[in-house]
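Next comes input_10.cif, a file with mmCIF, C-alpha atoms.
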data_input
loop_
_atom_site.label_atom_id
_atom_site.label_comp_id
_atom_site.auth_asym_id
_atom_site.auth_seq_id
_atom_site.Cartn_x
_atom_site.Cartn_y
_atom_site.Cartn_z
CA MET A 271 19.53 -114.58 -115.82
CA LEU A 272 20.12 -112.26 -118.79
CA HIS A 273 23.39 -114.06 -119.51
CA ILE A 274 21.62 -117.44 -119.70
CA LEU A 275 18.80 -115.99 -121.80
CA LEU A 276 21.31 -114.57 -124.30
CA HIS A 277 22.95 -118.01 -124.65
CA GLY A 278 19.67 -119.19 -126.17
CA LEU A 279 18.35 -116.05 -127.82
CA ILE A 280 21.43 -115.08 -129.85
CA PRO A 281 21.90 -118.55 -131.42
CA LEU A 282 18.18 -118.57 -132.24
CA LEU A 283 18.38 -115.17 -133.94
CA ILE A 284 21.48 -116.17 -135.88
CA ALA A 285 19.92 -119.47 -136.96
CA LEU A 286 16.73 -117.73 -138.06
CA SER A 287 18.59 -115.08 -140.02
CA LEU A 288 21.42 -117.14 -141.57
CA ALA A 289 20.42 -120.80 -141.82
CA GLY A 290 17.31 -120.52 -143.99
CA LYS A 291 15.14 -123.63 -143.96
CA GLN A 292 17.75 -125.43 -141.86
CA TRP A 293 17.37 -122.96 -138.96
CA ARG A 294 16.13 -125.62 -136.52
CA ARG A 295 19.14 -127.85 -137.18
CA ALA A 296 21.55 -124.93 -136.84
CA PHE A 297 19.86 -123.81 -133.62
CA VAL A 298 19.99 -127.29 -132.05
CA ILE A 299 23.67 -127.69 -132.97
CA MET A 300 24.52 -124.29 -131.49
CA MET A 301 22.58 -125.11 -128.32
CA LEU A 302 24.49 -128.38 -128.00
CA THR A 303 27.74 -126.40 -127.97
CA MET A 304 26.63 -125.06 -124.60
CA LEU A 305 27.90 -128.41 -123.29
CA VAL A 306 31.30 -126.70 -123.32
CA ASP A 307 30.22 -125.45 -119.89
CA LEU A 308 30.70 -128.95 -118.51
CA ASP A 309 34.24 -127.79 -117.76
CA HIS A 310 32.70 -125.74 -114.95
CA LEU A 311 32.27 -129.02 -113.07
CA LEU A 312 36.04 -129.10 -112.60
CA ALA A 313 36.04 -125.85 -110.61
CA THR A 314 35.58 -125.33 -106.90
CA PRO A 315 33.06 -123.94 -106.31
CA ILE A 316 31.29 -125.04 -109.51
CA TYR A 317 29.52 -121.68 -109.77
CA ASP A 318 30.93 -118.37 -108.61
CA PRO A 319 29.08 -115.26 -109.80
CA GLU A 320 32.23 -113.17 -109.34
CA ARG A 321 34.46 -115.44 -111.45
CA CYS A 322 35.19 -114.79 -115.11
CA SER A 323 34.96 -118.03 -117.09
CA ILE A 324 37.35 -116.81 -119.77
CA GLY A 325 40.85 -117.90 -118.90
CA PHE A 326 39.68 -119.89 -115.88
CA HIS A 327 37.88 -123.01 -117.10
CA PRO A 328 39.84 -125.43 -119.33
CA LEU A 329 37.68 -125.08 -122.48
CA HIS A 330 37.39 -121.32 -121.97
CA GLN A 331 41.13 -120.72 -122.53
CA TRP A 332 42.39 -118.45 -125.31
CA PRO A 333 44.16 -121.19 -127.34
CA TRP A 334 40.86 -123.01 -127.80
CA PHE A 335 39.32 -119.88 -129.33
CA ILE A 336 41.50 -120.37 -132.41
CA LEU A 337 40.05 -123.86 -132.88
CA TYR A 338 36.51 -122.56 -132.34
CA GLY A 339 37.11 -119.89 -135.00
CA VAL A 340 38.50 -122.45 -137.47
CA LEU A 341 35.47 -124.69 -136.87
CA ALA A 342 33.23 -121.73 -137.71
CA LEU A 343 35.02 -121.29 -141.06
CA LEU A 344 34.70 -124.92 -142.20
CA PRO A 345 31.39 -125.84 -143.87
CA LYS A 346 30.96 -129.21 -142.09
CA THR A 347 31.56 -127.78 -138.61
CA ARG A 348 30.28 -124.24 -139.20
CA TRP A 349 27.38 -124.31 -136.69
CA ILE A 350 29.51 -125.97 -134.01
CA GLY A 351 32.14 -123.27 -134.40
CA VAL A 352 29.60 -120.45 -134.53
CA GLY A 353 27.93 -121.77 -131.37
CA LEU A 354 31.25 -121.96 -129.55
CA VAL A 355 32.33 -118.50 -130.70
CA ILE A 356 29.01 -117.02 -129.59
CA HIS A 357 29.35 -118.76 -126.25
CA MET A 358 32.85 -117.43 -125.66
CA LEU A 359 31.90 -113.89 -126.70
CA LEU A 360 28.93 -113.90 -124.33
CA ASP A 361 31.07 -115.25 -121.50
CA TRP A 362 33.74 -112.66 -122.27
CA GLN A 363 31.29 -109.75 -122.19
CA ASP A 364 29.80 -111.14 -119.00
CA CYS A 365 33.22 -110.70 -117.35
CA TYR A 366 32.82 -106.93 -117.75
CA PHE A 367 29.22 -106.51 -116.59
#
Go ahead and render the structure in this file as structure tokens.
Amino acid sequence: MLHILLHGLIPLLIALSLAGKQWRRAFVIMMLTMLVDLDHLLATPIYDPERCSIGFHPLHQWPWFILYGVLALLPKTRWIGVGLVIHMLLDWQDCYF
């Protein structure tokens, strides 16, 4: 439950602290990046509490992280990239706890 809560709370805190008056837009965009978890539907079983998403699900592979980082650096895709980077970092830390 904490993992899921952090997927909403951290983007909200980042949007509030970095996006100024556009915080709602930034927050919604970052929340939409959670759709990256649709790749979990390709796994059997779909949910396994013992499985680490990083390196297992197609969009949670290391090569994609480069793209997510580049998206975070480009002004037009910044919030998409930030949302994806946050998502991957939270999933990565979840693999250790």
*Excluding same-chain residues fewer than 3 positions from region 301-304 of chain A, what lies within 8 Å of it counting all atoms listed in the file, as a VMD selection string?*
chain A and resid 277 to 278 281 297 to 298 307 350 353 to 354 357
*Minimum-distance residue to Met358 (chain A), chosen among A:Ile299, A:Leu272, A:Ile336, A:Leu312 (using all atoms listed in the file)*: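 Among A:Ile299, A:Leu272, A:Ile336, A:Leu312, it is A:Ile336 that comes nearest to Met358 (chain A).
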*Decode the PyMOL selection byres ((chain A and resi 348) around 12) for the given file into explicit residues and return them as a list in words.*
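Taken over the shown coordinates, the PyMOL selection byres ((chain A and resi 348) around 12) returns Ala285, Leu288, Ala289, Arg295, Ala296, Phe297, Ile299, Met300, Thr303, Leu337, Tyr338, Gly339, Val340, Leu341, Ala342, Leu343, Leu344, Pro345, Lys346, Thr347, Trp349, Ile350, Gly351, Val352, Gly353, Leu354 and Val355 of chain A.
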*Which one of A:His310, A:Leu282, A:Arg294, A:Leu276 sits closest to Ile324 (chain A) if you count all atoms listed in the file?*
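For Ile324 (chain A), the nearest of the given residues is A:His310.
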*In Å, rounded to a single decimal, give me how far CA of Thr314 (chain A) is from CA of Leu359 (chain A).*
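Interatomic distance, CA of Leu359 (chain A) to CA of Thr314 (chain A): 23.2 Å.
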*To one decimal place, how far is CA of His330 (chain A) from CA of Trp362 (chain A) in Å?*
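Atom-to-atom, CA of His330 (chain A) and CA of Trp362 (chain A) are spaced 9.4 Å apart.
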*asked:* Just checking: using only C-alpha atoms, which residue out of A:Leu286, A:Cys365, A:Leu275, A:Lys291 ends up closest to Asp318 (chain A)?
replied: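 Result for the nearest residue to Asp318 (chain A): A:Cys365.
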Around all the atoms of region 333-342 of chain A listed in the file, draw an axis-aligned box and extend it by 5 Å on each of the six sides; I want its centre and edge lengths in Å to one decimal, as lines of an AutoDock Vina configuration file.
center_x = 38.7
center_y = -122.3
center_z = -132.5
size_x = 20.9
size_y = 14.8
size_z = 20.4
*Give me, please, the distance in Å between CA of Gly290 (chain A) and CA of Gln363 (chain A), quoted to one decimal.*
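One can read the CA of Gly290 (chain A) to CA of Gln363 (chain A) distance as 28.0 Å.
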Once the PyMOL selection byres ((chain A and resi 309) around 10) has been applied to the shown file, what residues remain in the selection, as a compact mmCIF listing (two decimals) with C-alpha atoms, in the coordinates of the input?
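What follows is the written file result.txt:
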# COMPACT_ATOMS: atom_id res chain seq x y z
CA LEU A 305 27.90 -128.41 -123.29
CA VAL A 306 31.30 -126.70 -123.32
CA ASP A 307 30.22 -125.45 -119.89
CA LEU A 308 30.70 -128.95 -118.51
CA HIS A 310 32.70 -125.74 -114.95
CA LEU A 311 32.27 -129.02 -113.07
CA LEU A 312 36.04 -129.10 -112.60
CA ALA A 313 36.04 -125.85 -110.61
CA ILE A 316 31.29 -125.04 -109.51
CA SER A 323 34.96 -118.03 -117.09
CA PHE A 326 39.68 -119.89 -115.88
CA HIS A 327 37.88 -123.01 -117.10
CA PRO A 328 39.84 -125.43 -119.33
CA LEU A 329 37.68 -125.08 -122.48
CA HIS A 330 37.39 -121.32 -121.97
